[in-house]
file input.csv (CSV, C-alpha atoms)
chain,number,residue,atom,x,y,z
W,1,MET,CA,-3.7,1.3,-35.9
W,2,SER,CA,-2.9,3.8,-38.7
W,3,LYS,CA,-0.3,6.4,-38.3
W,4,PRO,CA,-1.7,9.9,-37.5
W,5,LYS,CA,-1.5,12.5,-40.1
W,6,VAL,CA,0.9,15.4,-39.5
W,7,PHE,CA,-1.9,17.9,-38.8
W,8,GLU,CA,-3.8,15.6,-36.4
W,9,LYS,CA,-3.7,15.8,-32.6
W,10,PRO,CA,-4.9,13.4,-29.9
W,11,THR,CA,-8.5,13.2,-28.9
W,12,GLY,CA,-9.6,15.7,-26.2
W,13,VAL,CA,-7.0,18.3,-26.8
W,14,LYS,CA,-7.3,21.5,-28.8
W,15,ASP,CA,-5.3,24.4,-30.4
W,16,TYR,CA,-6.1,27.9,-29.3
W,17,LEU,CA,-5.6,30.4,-32.1
W,18,PRO,CA,-4.3,33.9,-31.3
W,19,GLU,CA,-7.7,35.5,-30.6
W,20,ALA,CA,-8.9,32.7,-28.4
W,21,ALA,CA,-5.5,32.5,-26.6
W,22,ALA,CA,-5.6,36.2,-26.0
W,23,LYS,CA,-9.1,36.0,-24.4
W,24,LEU,CA,-8.1,32.9,-22.3
W,25,ARG,CA,-5.0,34.8,-20.9
W,26,SER,CA,-7.1,37.8,-20.3
W,27,ILE,CA,-9.6,35.8,-18.2
W,28,GLU,CA,-6.7,34.3,-16.3
W,29,TYR,CA,-5.1,37.7,-15.7
W,30,LYS,CA,-8.3,39.3,-14.5
W,31,VAL,CA,-9.1,36.4,-12.2
W,32,MET,CA,-5.6,36.2,-10.7
W,33,GLN,CA,-5.7,39.9,-10.0
W,34,CYS,CA,-9.0,39.5,-8.2
W,35,MET,CA,-7.6,36.6,-6.1
W,36,GLU,CA,-4.5,38.7,-5.2
W,37,ARG,CA,-6.7,41.5,-3.9
W,38,TRP,CA,-8.3,39.0,-1.6
W,39,GLY,CA,-4.9,38.0,-0.2
W,40,TYR,CA,-4.2,34.9,-2.2
W,41,ARG,CA,-0.7,34.3,-3.4
W,42,GLU,CA,0.1,32.4,-6.6
W,43,ILE,CA,1.8,29.0,-6.5
W,44,ILE,CA,3.2,27.0,-9.4
W,45,THR,CA,3.6,23.2,-9.2
W,46,PRO,CA,5.0,20.7,-11.7
W,47,THR,CA,3.0,19.2,-14.5
W,48,LEU,CA,4.3,15.8,-13.6
W,49,GLU,CA,3.9,14.2,-10.1
W,50,TYR,CA,4.5,10.8,-8.6
W,51,TYR,CA,1.6,8.4,-8.9
W,52,ASP,CA,2.2,7.0,-5.4
W,53,THR,CA,1.8,10.4,-3.8
W,54,VAL,CA,-0.2,13.0,-5.6
W,55,GLY,CA,-1.8,10.6,-8.1
W,56,VAL,CA,-3.2,8.3,-5.4
W,57,ALA,CA,-4.3,11.3,-3.3
W,58,SER,CA,-6.2,13.1,-6.1
W,59,SER,CA,-9.9,13.0,-6.5
W,60,THR,CA,-9.6,11.6,-10.0
W,61,GLU,CA,-10.5,8.0,-10.8
W,62,ASP,CA,-7.4,5.9,-11.5
W,63,LYS,CA,-8.5,5.0,-15.0
W,64,LYS,CA,-8.7,8.7,-15.8
W,65,LEU,CA,-5.1,9.5,-14.9
W,66,PHE,CA,-2.5,9.9,-17.6
W,67,LYS,CA,0.4,7.7,-16.5
W,68,LEU,CA,4.0,7.4,-17.8
W,69,LEU,CA,7.2,5.9,-16.6
W,70,ASP,CA,10.4,7.8,-15.9
W,71,ARG,CA,13.8,6.3,-16.9
W,72,ASN,CA,14.0,4.5,-13.6
W,73,GLY,CA,10.7,2.8,-14.1
W,74,THR,CA,8.8,4.9,-11.5
W,75,THR,CA,5.2,5.7,-12.4
W,76,LEU,CA,4.4,9.4,-12.9
W,77,VAL,CA,1.1,11.1,-13.6
W,78,MET,CA,0.2,14.3,-15.4
W,79,ARG,CA,-1.6,16.4,-12.8
W,80,SER,CA,-5.3,15.8,-12.9
W,81,ASP,CA,-6.2,18.6,-10.5
W,82,MET,CA,-4.3,21.2,-8.5
W,83,THR,CA,-5.7,20.5,-5.0
W,84,ALA,CA,-3.5,17.5,-4.3
W,85,PRO,CA,-0.2,19.1,-5.5
W,86,ILE,CA,-0.9,22.1,-3.4
W,87,ALA,CA,-1.6,19.9,-0.4
W,88,ARG,CA,1.8,18.3,-1.0
W,89,VAL,CA,3.5,21.7,-1.0
W,90,ALA,CA,1.6,22.9,2.0
W,91,SER,CA,2.7,19.9,3.9
W,92,SER,CA,6.4,20.1,2.9
W,93,LEU,CA,7.9,23.3,1.5
W,94,LEU,CA,5.3,25.4,3.4
W,95,LYS,CA,5.3,23.2,6.5
W,96,GLU,CA,6.8,26.0,8.7
W,97,HIS,CA,4.3,28.6,7.5
W,98,PRO,CA,1.4,29.2,9.9
W,99,PHE,CA,-2.2,28.6,9.0
W,100,PRO,CA,-4.3,29.8,7.4
W,101,LEU,CA,-2.6,29.6,4.0
W,102,ARG,CA,-4.2,31.4,1.1
W,103,LEU,CA,-2.9,30.1,-2.2
W,104,SER,CA,-3.9,30.7,-5.8
W,105,TYR,CA,-3.0,29.0,-9.1
W,106,GLN,CA,-3.6,28.9,-12.8
W,107,ALA,CA,-2.7,25.7,-14.7
W,108,ASN,CA,-3.6,23.2,-17.3
W,109,VAL,CA,-4.7,19.8,-16.0
W,110,PHE,CA,-5.2,16.4,-17.6
W,111,ARG,CA,-7.9,13.7,-17.4
W,112,ALA,CA,-8.5,10.8,-19.7
W,113,PHE,CA,-12.1,10.4,-20.9
W,114,GLU,CA,-13.6,8.0,-23.3
W,115,ALA,CA,-13.5,9.3,-26.9
W,116,GLU,CA,-17.2,9.2,-27.3
W,117,ALA,CA,-17.8,11.3,-24.2
W,118,GLY,CA,-16.7,14.4,-26.2
W,119,ARG,CA,-14.9,16.0,-23.2
W,120,ASP,CA,-11.6,17.7,-23.0
W,121,ALA,CA,-8.6,15.7,-21.9
W,122,GLU,CA,-6.6,18.9,-21.2
W,123,PHE,CA,-8.3,21.9,-19.7
W,124,PHE,CA,-7.4,25.1,-17.8
W,125,GLN,CA,-8.2,25.9,-14.2
W,126,THR,CA,-7.8,29.0,-12.1
W,127,GLY,CA,-8.5,28.6,-8.4
W,128,VAL,CA,-7.6,29.0,-4.8
W,129,GLU,CA,-7.1,26.9,-1.7
W,130,LEU,CA,-7.7,28.2,1.8
W,131,ILE,CA,-5.9,25.8,4.2
W,132,GLY,CA,-6.1,25.7,8.0
W,133,ASP,CA,-9.5,27.2,8.6
W,134,ALA,CA,-12.5,25.0,9.4
W,135,SER,CA,-15.0,27.8,9.9
W,136,SER,CA,-18.1,28.6,8.0
W,137,GLU,CA,-16.5,32.1,7.5
W,138,ALA,CA,-13.8,30.3,5.4
W,139,ASP,CA,-16.4,28.4,3.3
W,140,ALA,CA,-18.3,31.6,2.7
W,141,GLU,CA,-15.1,33.5,1.8
W,142,VAL,CA,-14.2,31.1,-1.1
W,143,ILE,CA,-17.8,31.2,-2.4
W,144,ALA,CA,-17.9,35.0,-2.3
W,145,LEU,CA,-14.4,35.0,-4.0
W,146,ALA,CA,-15.7,32.6,-6.7
W,147,ILE,CA,-18.5,35.0,-7.4
W,148,ALA,CA,-16.1,37.9,-7.6
W,149,CYS,CA,-13.9,36.0,-9.9
W,150,LEU,CA,-16.7,35.0,-12.3
W,151,GLN,CA,-17.7,38.7,-12.5
W,152,ALA,CA,-14.1,39.7,-13.1
W,153,ALA,CA,-13.9,37.1,-15.9
W,154,GLY,CA,-16.9,38.7,-17.6
W,155,VAL,CA,-19.5,36.1,-16.8
W,156,GLN,CA,-22.7,38.1,-16.6
W,157,GLU,CA,-25.4,35.6,-15.6
W,158,PHE,CA,-24.7,32.7,-13.3
W,159,LYS,CA,-25.9,30.9,-10.2
W,160,ILE,CA,-24.0,29.1,-7.5
W,161,ALA,CA,-25.6,25.9,-6.3
W,162,LEU,CA,-24.6,25.2,-2.7
W,163,GLY,CA,-24.9,21.8,-1.0
W,164,HIS,CA,-23.4,19.7,1.8
W,165,VAL,CA,-22.3,16.1,1.7
W,166,GLY,CA,-23.2,15.7,5.3
W,167,PHE,CA,-26.9,16.2,4.7
W,168,LEU,CA,-27.2,13.3,2.3
W,169,ASN,CA,-24.8,11.1,4.2
W,170,GLY,CA,-26.9,11.6,7.3
W,171,LEU,CA,-30.2,11.1,5.5
W,172,PHE,CA,-29.1,7.9,3.7
W,173,GLN,CA,-27.6,6.5,6.9
W,174,GLU,CA,-30.9,7.1,8.6
W,175,THR,CA,-33.1,5.6,5.8
W,176,LEU,CA,-30.7,3.0,4.3
W,177,ARG,CA,-28.5,2.1,7.2
W,178,GLN,CA,-27.6,-1.5,6.1
W,179,ARG,CA,-27.7,-0.8,2.4
W,180,GLN,CA,-24.3,0.7,1.4
W,181,ASP,CA,-24.7,-0.3,-2.2
W,182,ALA,CA,-28.0,1.5,-2.5
W,183,GLN,CA,-26.5,4.6,-0.9
W,184,THR,CA,-23.7,4.6,-3.4
W,185,ALA,CA,-26.1,4.1,-6.4
W,186,LEU,CA,-28.3,7.0,-5.3
W,187,LYS,CA,-25.3,9.3,-4.8
W,188,ALA,CA,-24.0,8.4,-8.2
W,189,CYS,CA,-27.3,9.4,-9.7
W,190,LEU,CA,-27.2,12.7,-7.9
W,191,LEU,CA,-23.6,13.3,-8.8
W,192,SER,CA,-24.4,13.0,-12.5
W,193,ARG,CA,-27.6,15.0,-12.1
W,194,ASP,CA,-29.7,12.0,-13.2
W,195,HIS,CA,-32.9,12.6,-11.3
W,196,VAL,CA,-34.9,10.2,-13.4
W,197,GLY,CA,-32.4,7.5,-12.5
W,198,TYR,CA,-32.5,8.5,-8.9
W,199,ARG,CA,-36.3,8.0,-8.7
W,200,GLU,CA,-36.1,4.7,-10.5
W,201,THR,CA,-33.4,3.5,-8.2
W,202,ILE,CA,-35.5,4.4,-5.2
W,203,LYS,CA,-38.5,2.5,-6.6
W,204,SER,CA,-36.3,-0.6,-7.2
W,205,LEU,CA,-35.2,-0.7,-3.5
W,206,GLY,CA,-38.6,-1.9,-2.2
W,207,LEU,CA,-38.8,0.7,0.6
W,208,PRO,CA,-41.8,1.7,2.6
W,209,ARG,CA,-43.9,4.3,0.9
W,210,GLU,CA,-43.1,7.0,3.5
W,211,VAL,CA,-39.3,6.4,3.2
W,212,GLN,CA,-39.6,6.5,-0.6
W,213,GLN,CA,-41.4,9.8,-0.5
W,214,GLU,CA,-38.8,11.2,1.9
W,215,LEU,CA,-35.9,10.3,-0.4
W,216,GLU,CA,-37.7,11.6,-3.5
W,217,GLY,CA,-38.6,14.8,-1.6
W,218,ILE,CA,-35.0,16.1,-1.4
W,219,LEU,CA,-35.2,16.7,-5.2
W,220,ARG,CA,-37.4,19.7,-4.3
W,221,LEU,CA,-35.0,21.1,-1.7
W,222,ARG,CA,-33.6,23.9,-4.0
W,223,GLY,CA,-34.0,27.6,-3.2
W,224,GLY,CA,-33.0,30.3,-0.8
W,225,GLN,CA,-32.6,30.4,3.0
W,226,GLU,CA,-36.0,28.8,3.4
W,227,ILE,CA,-34.5,25.5,2.3
W,228,CYS,CA,-32.6,25.3,5.6
W,229,ARG,CA,-35.9,25.4,7.5
W,230,GLN,CA,-37.5,22.8,5.2
W,231,ALA,CA,-34.5,20.5,5.4
W,232,ARG,CA,-34.6,20.3,9.2
W,233,GLN,CA,-38.0,18.7,8.9
W,234,VAL,CA,-36.8,16.0,6.5
W,235,THR,CA,-34.5,14.1,8.9
W,236,LYS,CA,-33.5,14.1,12.5
W,237,ASP,CA,-30.1,12.5,11.9
W,238,PRO,CA,-27.5,14.5,13.8
W,239,VAL,CA,-25.0,14.5,10.9
W,240,ALA,CA,-27.6,15.9,8.6
W,241,GLN,CA,-28.8,18.4,11.2
W,242,HIS,CA,-25.2,19.6,11.7
W,243,ALA,CA,-24.8,20.0,7.9
W,244,ILE,CA,-27.9,22.2,7.7
W,245,ALA,CA,-26.8,24.3,10.5
W,246,HIS,CA,-23.4,24.8,8.8
W,247,LEU,CA,-25.2,25.8,5.5
W,248,CYS,CA,-27.3,28.4,7.4
W,249,GLU,CA,-24.1,29.9,8.9
W,250,ILE,CA,-22.6,30.1,5.4
W,251,TRP,CA,-25.7,31.8,4.1
W,252,ASP,CA,-25.6,34.4,6.8
W,253,VAL,CA,-22.0,35.3,5.9
W,254,LEU,CA,-22.9,35.4,2.2
W,255,GLU,CA,-25.7,37.8,3.0
W,256,ALA,CA,-23.1,40.0,4.8
W,257,TYR,CA,-20.9,39.9,1.7
W,258,GLY,CA,-23.9,41.0,-0.3
W,259,VAL,CA,-23.8,38.1,-2.8
W,260,SER,CA,-26.6,35.7,-1.6
W,261,GLU,CA,-28.6,36.7,-4.7
W,262,HIS,CA,-26.2,34.6,-6.8
W,263,VAL,CA,-26.6,31.6,-4.5
W,264,LEU,CA,-29.2,28.9,-4.2
W,265,ILE,CA,-29.1,26.0,-1.8
W,266,ASP,CA,-29.4,22.6,-3.6
W,267,LEU,CA,-29.3,19.7,-1.2
W,268,THR,CA,-29.0,17.2,-4.1
W,269,MET,CA,-25.6,18.8,-5.1
W,270,ILE,CA,-22.8,16.8,-3.5
W,271,GLY,CA,-19.8,17.2,-5.8
W,272,ASP,CA,-17.4,14.2,-5.8
W,273,PHE,CA,-18.7,12.4,-2.7
W,274,SER,CA,-15.4,10.5,-2.4
W,275,TYR,CA,-13.4,13.7,-2.1
W,276,TYR,CA,-15.4,16.4,-0.3
W,277,THR,CA,-16.2,16.3,3.4
W,278,GLY,CA,-18.5,19.3,3.9
W,279,MET,CA,-20.1,22.0,1.9
W,280,THR,CA,-19.7,21.8,-1.9
W,281,PHE,CA,-20.7,24.2,-4.7
W,282,GLU,CA,-20.9,24.6,-8.4
W,283,GLY,CA,-21.3,27.7,-10.5
W,284,TYR,CA,-23.5,27.5,-13.7
W,285,ALA,CA,-23.6,30.2,-16.4
W,286,ALA,CA,-26.7,30.9,-18.4
W,287,ASP,CA,-26.9,28.7,-21.6
W,288,LEU,CA,-24.1,26.4,-20.6
W,289,GLY,CA,-24.8,22.9,-19.4
W,290,PHE,CA,-21.5,22.3,-17.7
W,291,PRO,CA,-20.4,24.1,-14.5
W,292,VAL,CA,-17.9,27.0,-14.9
W,293,CYS,CA,-16.6,26.6,-11.4
W,294,SER,CA,-16.7,24.1,-8.6
W,295,GLY,CA,-15.4,23.7,-5.1
W,296,GLY,CA,-15.9,22.7,-1.5
W,297,ARG,CA,-14.4,21.6,1.7
W,298,TYR,CA,-11.9,18.7,1.9
W,299,ASP,CA,-10.7,18.2,5.4
W,300,ASN,CA,-9.1,14.8,5.0
W,301,LEU,CA,-6.6,15.4,2.2
W,302,LEU,CA,-3.7,17.1,3.9
W,303,ALA,CA,-3.5,14.2,6.4
W,304,GLN,CA,-2.3,12.0,3.5
W,305,PHE,CA,0.7,14.2,3.3
W,306,GLY,CA,1.5,14.3,7.0
W,307,ARG,CA,0.1,17.7,8.0
W,308,PRO,CA,-3.6,17.2,8.9
W,309,ALA,CA,-5.5,20.4,8.4
W,310,PRO,CA,-9.0,21.5,7.3
W,311,ALA,CA,-9.2,23.1,3.8
W,312,THR,CA,-11.6,24.6,1.4
W,313,GLY,CA,-11.3,26.0,-2.1
W,314,PHE,CA,-12.6,26.2,-5.7
W,315,ALA,CA,-11.5,26.1,-9.3
W,316,LEU,CA,-12.8,28.1,-12.2
W,317,LYS,CA,-13.0,26.1,-15.5
W,318,THR,CA,-11.2,28.8,-17.5
W,319,ASN,CA,-11.8,27.2,-20.9
W,320,ARG,CA,-15.5,26.8,-20.2
W,321,ILE,CA,-15.7,30.5,-19.2
W,322,LEU,CA,-14.1,31.2,-22.6
W,323,GLU,CA,-17.0,29.4,-24.2
W,324,VAL,CA,-19.4,31.7,-22.3
W,325,ILE,CA,-17.7,35.0,-23.2
W,326,GLY,CA,-15.8,33.9,-26.3
W,327,LYS,CA,-18.2,35.4,-28.8
W,328,SER,CA,-18.1,38.8,-27.1
W,329,LYS,CA,-15.7,41.5,-28.4
W,330,THR,CA,-12.5,41.7,-26.4
W,331,GLU,CA,-12.6,44.6,-24.0
W,332,ASP,CA,-10.0,47.3,-24.4
W,333,ALA,CA,-8.3,45.5,-27.2
W,334,PRO,CA,-4.9,47.2,-28.0
W,335,GLN,CA,-4.7,49.2,-31.2
W,336,ARG,CA,-2.6,47.7,-33.8
W,337,VAL,CA,-0.3,49.9,-35.9
W,338,LEU,CA,1.6,48.7,-39.0
W,339,ILE,CA,4.8,50.5,-39.9
W,340,VAL,CA,6.2,49.8,-43.3
W,341,TYR,CA,9.5,51.0,-44.6
W,342,THR,CA,12.2,50.7,-47.2
W,343,GLU,CA,15.8,49.8,-46.3
W,344,PRO,CA,17.1,53.4,-46.3
W,345,HIS,CA,14.5,54.4,-43.7
W,346,ARG,CA,14.9,51.4,-41.4
W,347,ALA,CA,16.3,53.3,-38.4
W,348,ALA,CA,13.5,55.9,-38.4
W,349,ALA,CA,10.8,53.2,-38.9
W,350,LEU,CA,12.1,51.0,-36.0
W,351,ALA,CA,12.4,54.1,-33.8
W,352,LYS,CA,8.8,54.9,-34.4
W,353,ALA,CA,7.9,51.2,-33.6
W,354,ARG,CA,9.8,51.6,-30.3
W,355,GLU,CA,7.8,54.7,-29.5
W,356,TYR,CA,4.4,53.0,-30.1
W,357,ARG,CA,5.5,49.9,-28.1
W,358,SER,CA,6.3,52.0,-25.1
W,359,ARG,CA,2.8,53.4,-25.1
W,360,GLU,CA,0.0,51.7,-23.2
W,361,GLY,CA,-2.6,50.2,-25.4
W,362,PHE,CA,-0.7,49.9,-28.7
W,363,ILE,CA,0.8,47.1,-30.7
W,364,ALA,CA,3.3,47.9,-33.4
W,365,GLU,CA,4.2,45.6,-36.3
W,366,THR,CA,6.9,46.4,-38.8
W,367,ARG,CA,7.3,45.3,-42.4
W,368,LEU,CA,10.2,45.8,-44.8
W,369,LEU,CA,9.0,46.6,-48.3
W,370,ALA,CA,10.6,44.9,-51.3
W,371,ASP,CA,12.8,46.8,-53.6
W,372,GLY,CA,10.7,49.2,-55.7
W,373,GLN,CA,7.6,48.7,-53.6
W,374,GLN,CA,6.2,52.0,-52.3
W,375,GLY,CA,3.4,50.8,-50.1
W,376,LEU,CA,0.8,48.1,-49.3
W,377,HIS,CA,-2.7,47.6,-50.6
W,378,ALA,CA,-5.0,48.5,-47.7
W,379,VAL,CA,-8.8,48.6,-47.6
W,380,ARG,CA,-10.5,50.9,-45.1
W,381,GLN,CA,-13.7,49.5,-43.7
W,382,ALA,CA,-16.8,51.5,-42.6
W,383,ASP,CA,-15.6,51.3,-39.0
W,384,GLY,CA,-12.3,53.0,-40.0
W,385,VAL,CA,-10.2,49.9,-39.6
W,386,LEU,CA,-7.6,49.2,-42.3
W,387,HIS,CA,-7.4,45.7,-43.7
W,388,VAL,CA,-4.1,44.4,-45.1
W,389,HIS,CA,-4.1,40.8,-46.3
W,390,GLY,CA,-6.7,39.9,-43.6
W,391,SER,CA,-5.1,41.7,-40.7
W,392,ARG,CA,-6.7,44.7,-39.1
W,393,TYR,CA,-4.9,47.9,-38.1
W,394,CYS,CA,-6.0,51.3,-36.8
W,395,ASP,CA,-3.2,53.0,-38.7
W,396,ILE,CA,-0.5,52.4,-41.3
W,397,ILE,CA,2.6,54.5,-41.1
W,398,SER,CA,5.0,54.6,-44.1
W,399,PHE,CA,8.7,55.4,-44.2
W,400,THR,CA,9.3,55.1,-47.9
W,401,GLU,CA,10.5,58.5,-49.0

call {"tool": "encode", "arguments": {"input": "input.csv", "output": "C-alpha cells"}}
result
Amino acid sequence: MSKPKVFEKPTGVKDYLPEAAAKLRSIEYKVMQCMERWGYREIITPTLEYYDTVGVASSTEDKKLFKLLDRNGTTLVMRSDMTAPIARVASSLLKEHPFPLRLSYQANVFRAFEAEAGRDAEFFQTGVELIGDASSEADAEVIALAIACLQAAGVQEFKIALGHVGFLNGLFQETLRQRQDAQTALKACLLSRDHVGYRETIKSLGLPREVQQELEGILRLRGGQEICRQARQVTKDPVAQHAIAHLCEIWDVLEAYGVSEHVLIDLTMIGDFSYYTGMTFEGYAADLGFPVCSGGRYDNLLAQFGRPAPATGFALKTNRILEVIGKSKTEDAPQRVLIVYTEPHRAAALAKAREYRSREGFIAETRLLADGQQGLHAVRQADGVLHVHGSRYCDIISFTE
C-alpha cells in the first residue's frame, strides 16, 4: 500500500470550507433552537465509547463500526449513532430523573462503508430522544417536531413516510409462519427500497397465488388516512391490526398539530427492522434520493443498560440538508467590513474594529498596510460589493492619514 500524499484524506470523510461550514452550523443552530422551544435539552456524549456496551447496543452492523484499542487493550468504538450513548446516560447519570426525558443533541457520527458505495463515513446528525412515554402522542410529537425542524433548517419541500414494523411482522408471521429466512429476505428488500427484488423474492417462494397477491399488494399501501382502512382488510393478524390502530392514533394527533399534509403512510417503510419496535418514519426532500431525517420507536434499547423504558426519537441528517439548501444564498449573512491602517493609526483603527464587532450583523477584519502603502486595490461590483483579492466586503475604512 502506497503512502498517502500530504493533501489526501481517508475515503468517506470531507473538508468543509468556510462557506459550507457556516451554513452547516447555521442549520444546526436553527434546529437546536427549534428543539429547545419544544422542551428538549441538549446533551453531549463522548466520541469514543466502549464496544462491549454502546457498540454492541447500537443499531449499526458490527462490520460498520470503527474500532480501536486503548492502551489497556480494551476495544473502543467511535460512536455510530447517538441513540445508544443517550440510552447509556439516561440509565446512569440521569437515572434519578423522572420520565419523560426530552433530550436533544448535535454530533458527528462514524460508520464504515465499502469504498465503492460512495457514502460518507463521517456525517452530522441533529436529533432528539423522548424517553419514558409509550403513547401515540409521544410518537406524533417527535414527527411533528421533525417537520418543524426541517422547516427551521430551510427545507422547503419534503414528505414524511410513516410506517410501523408491527404491520409487516404480523403480516409475514401470518403468511410465512415457518419461513423465517423468507421473512428476513423480504424485509431486507423493503429496507433497501428494492421493490423489484421484493416481487422476485415472493415469486421464488412458491406461494399460493392469493398469498402472493396479498404480499405484493402492500406495495400499493401508500397514501393518507385511507391507508389505515385499506390495511385492516389485508390481514387479520392481531399484531398487524394493533400496528394499524396505533398509526391511526398518530395520524389523528398529527392532524391536530396541523402537519398531516406533510405525512404519508407507507406500510413498506420499516426502518432498520433489527432496531425499531413500533412506528418508524423517514423524511425525503425534493430532488434528493437519500432521507434527510429518520426516526422511530425503540422500546427495547434502554433495558440493555438496566433501565427498561419506552422511547422514541429522530435524527436529522444535517450534512444531507446542507446538500438540499447549500446552493441557496445564506440568509441574513453578516456584513463584512475591512479596516486598513498604517502603524501610526493602529489604535484608532482597532477601536473602530471593536465598534463594528459589538454591533449585531457585522464582521470586522483588520489589515496593517506596508510602509509607504496608502490603500488597497478594490473593485466595486454592480451589486455594490467591494472585492479585494477575492474577498467580499460591504465597506472598506482606511486609517492612513

call {"tool": "closest_residue", "arguments": {"input": "input.csv", "among": "W:Gln373, W:Gln381, W:Ser260, W:Thr342", "to": "Thr400 in chain W", "atoms": "all atoms listed in the file"}}
result
W:Thr342

call {"tool": "closest_residue", "arguments": {"input": "input.csv", "among": "W:Tyr275, W:Tyr198, W:Tyr393, W:Phe290", "to": "Ile218 in chain W", "atoms": "only C-alpha atoms"}}
result
W:Tyr198

call {"tool": "residues_around", "arguments": {"input": "input.csv", "residues": "range 120-127 of chain W", "least_positions_apart": "5", "cutoff": "8 Å", "atoms": "only C-alpha atoms", "output": "number ranges by chain"}}
result
W: 11-13, 28, 31-32, 104-113, 313-319

call {"tool": "closest_residue", "arguments": {"input": "input.csv", "among": "W:Arg367, W:Arg37, W:Lys67, W:Lys236", "to": "Glu343 in chain W", "atoms": "only C-alpha atoms"}}
result
W:Arg367

call {"tool": "atom_distance", "arguments": {"input": "input.csv", "atom1": "CA of Arg392 in chain W", "atom2": "CA of Pro344 in chain W"}}
result
26.3 Å

call {"tool": "closest_residue", "arguments": {"input": "input.csv", "among": "W:Gly283, W:Pro238, W:Pro308, W:Gly170", "to": "Leu145 in chain W", "atoms": "only C-alpha atoms"}}
result
W:Gly283

call {"tool": "closest_atom_pairs", "arguments": {"input": "input.csv", "of": "range 281-339 of chain W", "to": "range 129-143 of chain W", "cutoff": "10 Å", "atoms": "only C-alpha atoms", "output": "tab-separated table"}}
result
residue	atom	partner	partner_atom	distance
W:Phe281	CA	W:Ile143	CA	7.9
W:Glu282	CA	W:Ile143	CA	9.4
W:Gly283	CA	W:Ile143	CA	9.5
W:Ser294	CA	W:Ile143	CA	9.5
W:Gly295	CA	W:Ile143	CA	8.3
W:Gly296	CA	W:Asp139	CA	7.5
W:Arg297	CA	W:Asp139	CA	7.3
W:Tyr298	CA	W:Ile131	CA	9.6
W:Asp299	CA	W:Ala134	CA	8.1
W:Leu302	CA	W:Ile131	CA	9.0
W:Pro308	CA	W:Gly132	CA	8.9
W:Ala309	CA	W:Gly132	CA	5.3
W:Pro310	CA	W:Gly132	CA	5.2
W:Ala311	CA	W:Ile131	CA	4.3
W:Thr312	CA	W:Leu130	CA	5.3
W:Gly313	CA	W:Glu129	CA	4.3
W:Phe314	CA	W:Glu129	CA	6.8
W:Ala315	CA	W:Glu129	CA	8.8

call {"tool": "atom_distance", "arguments": {"input": "input.csv", "atom1": "CA of Ala364 in chain W", "atom2": "CA of His345 in chain W"}}
result
16.5 Å

call {"tool": "residues_around", "arguments": {"input": "input.csv", "residues": "range 347-361 of chain W", "least_positions_apart": "3", "cutoff": "9 Å", "atoms": "all atoms listed in the file", "output": "NGL selection string"}}
result
:W and (332-344 or 364-366 or 397-399)

call {"tool": "write_last_selection", "arguments": {"input": "input.csv", "atoms": "C-alpha atoms", "output": "short mmCIF file (atom, residue, chain, number, x, y, z; two decimals), in the coordinates of the input"}}
result
data_model
loop_
_atom_site.label_atom_id
_atom_site.label_comp_id
_atom_site.auth_asym_id
_atom_site.auth_seq_id
_atom_site.Cartn_x
_atom_site.Cartn_y
_atom_site.Cartn_z
CA ASP W 332 -10.00 47.30 -24.40
CA ALA W 333 -8.30 45.50 -27.20
CA PRO W 334 -4.90 47.20 -28.00
CA GLN W 335 -4.70 49.20 -31.20
CA ARG W 336 -2.60 47.70 -33.80
CA VAL W 337 -0.30 49.90 -35.90
CA LEU W 338 1.60 48.70 -39.00
CA ILE W 339 4.80 50.50 -39.90
CA VAL W 340 6.20 49.80 -43.30
CA TYR W 341 9.50 51.00 -44.60
CA THR W 342 12.20 50.70 -47.20
CA GLU W 343 15.80 49.80 -46.30
CA PRO W 344 17.10 53.40 -46.30
CA ALA W 364 3.30 47.90 -33.40
CA GLU W 365 4.20 45.60 -36.30
CA THR W 366 6.90 46.40 -38.80
CA ILE W 397 2.60 54.50 -41.10
CA SER W 398 5.00 54.60 -44.10
CA PHE W 399 8.70 55.40 -44.20
#

call {"tool": "residues_near_point", "arguments": {"input": "input.csv", "point": "(-30.1, 36.5, -3.9)", "cutoff": "12 Å", "atoms": "all atoms listed in the file", "output": "MDAnalysis selection string"}}
result
chainID W and resid 158:161 223:225 251:252 254:265

call {"tool": "atom_distance", "arguments": {"input": "input.csv", "atom1": "CA of Leu221 in chain W", "atom2": "CA of Ala144 in chain W"}}
result
22.0 Å

call {"tool": "closest_residue", "arguments": {"input": "input.csv", "among": "W:Ile202, W:Leu191, W:Val385, W:Ala57", "to": "Ile270 in chain W", "atoms": "all atoms listed in the file"}}
result
W:Leu191

call {"tool": "axis_aligned_box", "arguments": {"input": "input.csv", "around": "range 264-274 of chain W", "padding_each_side": "6 Å", "output": "AutoDock Vina command-line options"}}
result
--center_x -22.4 --center_y 19.7 --center_z -3.5 --size_x 26.0 --size_y 30.4 --size_z 16.6

call {"tool": "residues_near_point", "arguments": {"input": "input.csv", "point": "(-40.3, 8.8, 1.0)", "cutoff": "12 Å", "atoms": "all atoms listed in the file", "output": "compact mmCIF listing (two decimals) with C-alpha atoms, in the coordinates of the input"}}
result
# COMPACT_ATOMS: atom_id res chain seq x y z
CA LEU W 171 -30.20 11.10 5.50
CA PHE W 172 -29.10 7.90 3.70
CA THR W 175 -33.10 5.60 5.80
CA LEU W 176 -30.70 3.00 4.30
CA ARG W 199 -36.30 8.00 -8.70
CA ILE W 202 -35.50 4.40 -5.20
CA LYS W 203 -38.50 2.50 -6.60
CA LEU W 205 -35.20 -0.70 -3.50
CA GLY W 206 -38.60 -1.90 -2.20
CA LEU W 207 -38.80 0.70 0.60
CA PRO W 208 -41.80 1.70 2.60
CA ARG W 209 -43.90 4.30 0.90
CA GLU W 210 -43.10 7.00 3.50
CA VAL W 211 -39.30 6.40 3.20
CA GLN W 212 -39.60 6.50 -0.60
CA GLN W 213 -41.40 9.80 -0.50
CA GLU W 214 -38.80 11.20 1.90
CA LEU W 215 -35.90 10.30 -0.40
CA GLU W 216 -37.70 11.60 -3.50
CA GLY W 217 -38.60 14.80 -1.60
CA ILE W 218 -35.00 16.10 -1.40
CA LEU W 219 -35.20 16.70 -5.20
CA VAL W 234 -36.80 16.00 6.50
CA THR W 235 -34.50 14.10 8.90

call {"tool": "closest_residue", "arguments": {"input": "input.csv", "among": "W:Lys63, W:Arg346, W:His164, W:Arg232", "to": "Gly271 in chain W", "atoms": "only C-alpha atoms"}}
result
W:His164
